[in-house]
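S.K.: Got a structure here, written out as structure tokens. Questions coming.
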Amino acid sequence: MSEIFKNVPKVRYEGQNSTNPYAFKFYDAERIIMGKPMKEHLRFAMAWWHTLCFTGSDMFGSPTMDKSFGAECGTMEHAYKKVDAGFELMDKLGIEYFCFHDADIVPQADTIAETNRRLDEITDYIKEKMEKHNKKLLWGTANLFSSPIYMNGAGSTNSVDVYCRAAGQIKKALELTVKIGGLGFVFWGGREGYESLWNTDMKFEQENIASLMRMAVDYGRRIGFRGDFYIEPKAKEPMKHQYDFDVATSIAFLRRYGLDKDFKINIEANHATLAGHTFQHELRVAAINGMLGSIDANQGDLLLGWDTDEFPYNVYETTACMYEVLKAGGFKNGGLNFDAKTRRPSNTYEDLFISFILGMDSFALGLINAARIIEDGRIDAFVKERYSSFESELGRKIREGKATLEELAEYSEKAVSVTVPDSGRQEYLLSVINQLMLKG
Ligand code: XLS
Ligand code: NI
Ligand code: NI
């Protein structure tokens with residue numbers, strides 16, 4: 001098979017002083033950090049849609065990027081070329097995982113039967129390539145938002161026919177995920193939300209979404225899917241208000257409908273900021289609830305305020321992210337999926353590779369920094385010390401849920417005096433982080 005990205009060599013680690021644009025400066029796959037090779041901590045994945053399908057078009061303009069890979073778009077030949085391009089890109093970058101929507105991998109046909117046949121055909125080919133190139137599926141998903149039939153949502157639609165169509169798509173996408181050994185299955189509620197409450201029965205819609213997820217879990221487990229289901233929260237866009245607003249909202253939803261044993265959360269950096277949270281906040285909320293599943297690694301632009309899906313370069317953010325991941329014990333089935341795209345004017349194949357190098361190096365640096373912060377110990381020691389007053393006998397009783405309000409009131413009355421708590425020392429801690437991150 002002929003090489004597609006002829007101008008791009010295999011990307012290797014050359015170290016911080018390299019000026020080769022096609023080299024990693026920080027990502028050294030086999031380097032051991034806290035007992036594990038970098039690649040096992042980071043588990044990078046390529047997103048099929050942005051990498052192989054996105055052509056740079058936006059609301060105001062047509063494509064700027066050529067993703068035909070030498071074939072006519074909309075044909076099965078093109079679908080095959082995308083597979084070849086994807087595997088070549090993953091090989092050249094040393095990426096071991098990928099993610100896809102059903103709609104990304106084949107052109108839709110006139111009938112469901114024919115679309116499904118195409119999906120079977122292409123996944124045969126993908127499976128063969130996976131074995132040969134040693135690649136894995138981080139997660140699969142169904143695109144339940146692009147087609148006009150989903151304009152009012154999929155699980156939240158008002159049309160029972162649309163709901164059944166969504167169920168059919170999920171069924172097929174799950175079968176494909178199982179067929180190629182996927183570790184996860186994502187529900188990103190693309191249009192599961194509303195524009196106006198004056199035409200919306202919110203309770204009805206949420207119950208129907210839960211039923212669809214329940215059916216997916218039942219079917220998935222029946223056909224041998226042992227991985228994690230994920231909700232990927234997003235506050236808004238495309239809908240004005242989306243039901244899976246943020247991590248806390250999604251966890252409450254999963255618990256309410258008894259789905260929390262099968263689901264975890266897939267957290268996207270840019271979605272966190274759309275919800276008015278930091279990325280780290282969302283990761284921590286998931287982690288303390290045992291629901292940190294996987295990550296869509298990208299970055300938004302706070303001046304723009306929409307889902308710009310940029311390749312991540314903010315090392316403070318990647319450091320905070322990897323700190324949370326390390327503290328949570330690392331990924332199990334999850335990983336770092338670059339749900340990210342090159343900017344519209346960065347329209348060459350070379351830009352695509354350089355974007356991945358940027359993202360991978362940023363997360364490698366994040367991992368190195370996070371490990372350094374943990375190994376240094378000052379931050380963790382400070383936090384522990386900050387709550388040390390709860391180490392007293394009474395404090396322990398409170399934590400164990402054994403104290404009563406009367407007893408605490410009585411203690412308080414007897415206590416000599418209540419003093420103002422110690423300083424939070426935020427600026428000091430930030431200077432420690434700077435010191436550890438930015439060696440002068
Ligand atoms: C869109 C989402 C989407 C999901 C997969 O904002 O991030 O790309 O990750 O459907
Ligand atoms: Ni995403
Ligand atoms: Ni997104």
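By convention in this document, the chains of the structure tokens carry letters A, B, ... by their order, each chain's residues are numbered from 1, and ligands are numbered from 1 in the order they are shown.
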Pick out the residues no farther than 9 Å from ligand 2, counting only C-alpha atoms and all ligand atoms, and list them as a PyMOL selection string.

M.R.: chain A and resi 47+188+232-234+266-271+295-298+309+337-340

S.K.: For Ile373 of chain A, please output as a list of chain:residue names all residues within 8 Å (counting only C-alpha atoms; exclusion window: fewer than 5 positions along the same chain).

M.R.: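 Using only C-alpha atoms, the neighbours found are A:Tyr323, A:Arg378, A:Ile379, A:Ile433, A:Leu436.
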
S.K.: Pick out the closest residue to ligand 3 from this set: A:Leu438, A:Cys53, A:Ala235, A:Leu408. Count only C-alpha atoms and all ligand atoms.

M.R.: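 Comparing A:Leu438, A:Cys53, A:Ala235, A:Leu408 against ligand 3, the winner is A:Ala235.
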
S.K.: Which residues, written as a list in words, have at least one atom at most 10 Å from Asp28 of chain A, with only C-alpha atoms counted and residues fewer than 6 positions away on the same chain left out?

M.R.: Arg12, Tyr13, Glu14, Gly15, Pro37, Met38, Lys39, Met360, Asp361 and Ala364 of chain A

S.K.: For atom CA of Met215 of chain A and atom CA of Lys136 of chain A, quote the distance in Å rounded to one decimal.

M.R.: 25.4 Å

S.K.: Give me the residues within 7 Å of segment 198-213 of chain A as a PyMOL selection string, counting only C-alpha atoms and dropping any in the same chain fewer than 6 places off.

M.R.: chain A and resi 155-156+167+257

S.K.: Find the residues around Pro238 of chain A up to 8 Å (only C-alpha atoms counted), leave out those fewer than 2 positions away in its own chain, and share them as a count of residues only.

M.R.: 4

S.K.: Quick one: pick out all strand (DSSP E) residues within segment 237-345 of chain A from a backbone DSSP run and write them as a PDB file with C-alpha atoms, in the first residue's frame.

M.R.:
```pdb
ATOM      1  CA  HIS A 241     -29.217  23.667  27.252  1.00  0.00           C
ATOM      2  CA  GLN A 242     -27.951  20.093  27.285  1.00  0.00           C
ATOM      3  CA  PHE A 263     -21.154   4.064  33.230  1.00  0.00           C
ATOM      4  CA  LYS A 264     -18.237   6.351  33.899  1.00  0.00           C
ATOM      5  CA  ILE A 265     -17.589   9.852  32.636  1.00  0.00           C
ATOM      6  CA  ASN A 266     -15.643  10.900  29.563  1.00  0.00           C
ATOM      7  CA  ILE A 267     -14.472  14.414  30.341  1.00  0.00           C
ATOM      8  CA  GLU A 268     -13.628  16.865  27.601  1.00  0.00           C
ATOM      9  CA  LEU A 292     -13.266   9.146  36.130  1.00  0.00           C
ATOM     10  CA  GLY A 293     -13.329   7.092  32.960  1.00  0.00           C
ATOM     11  CA  SER A 294     -11.676   8.704  29.973  1.00  0.00           C
ATOM     12  CA  ILE A 295     -10.680  12.101  28.646  1.00  0.00           C
ATOM     13  CA  ASP A 296     -11.259  14.024  25.443  1.00  0.00           C
ATOM     14  CA  LEU A 336      -6.480  10.641  26.221  1.00  0.00           C
ATOM     15  CA  ASN A 337      -8.465  10.983  23.030  1.00  0.00           C
ATOM     16  CA  PHE A 338      -7.490  14.011  20.973  1.00  0.00           C
TER      17      PHE A 338
END
```

S.K.: Could you pull out the residues in segment 328-358 of chain A that DSSP calls alpha helix (DSSP H) from the backbone, as a ChimeraX atom specification?

M.R.: /A:349-358
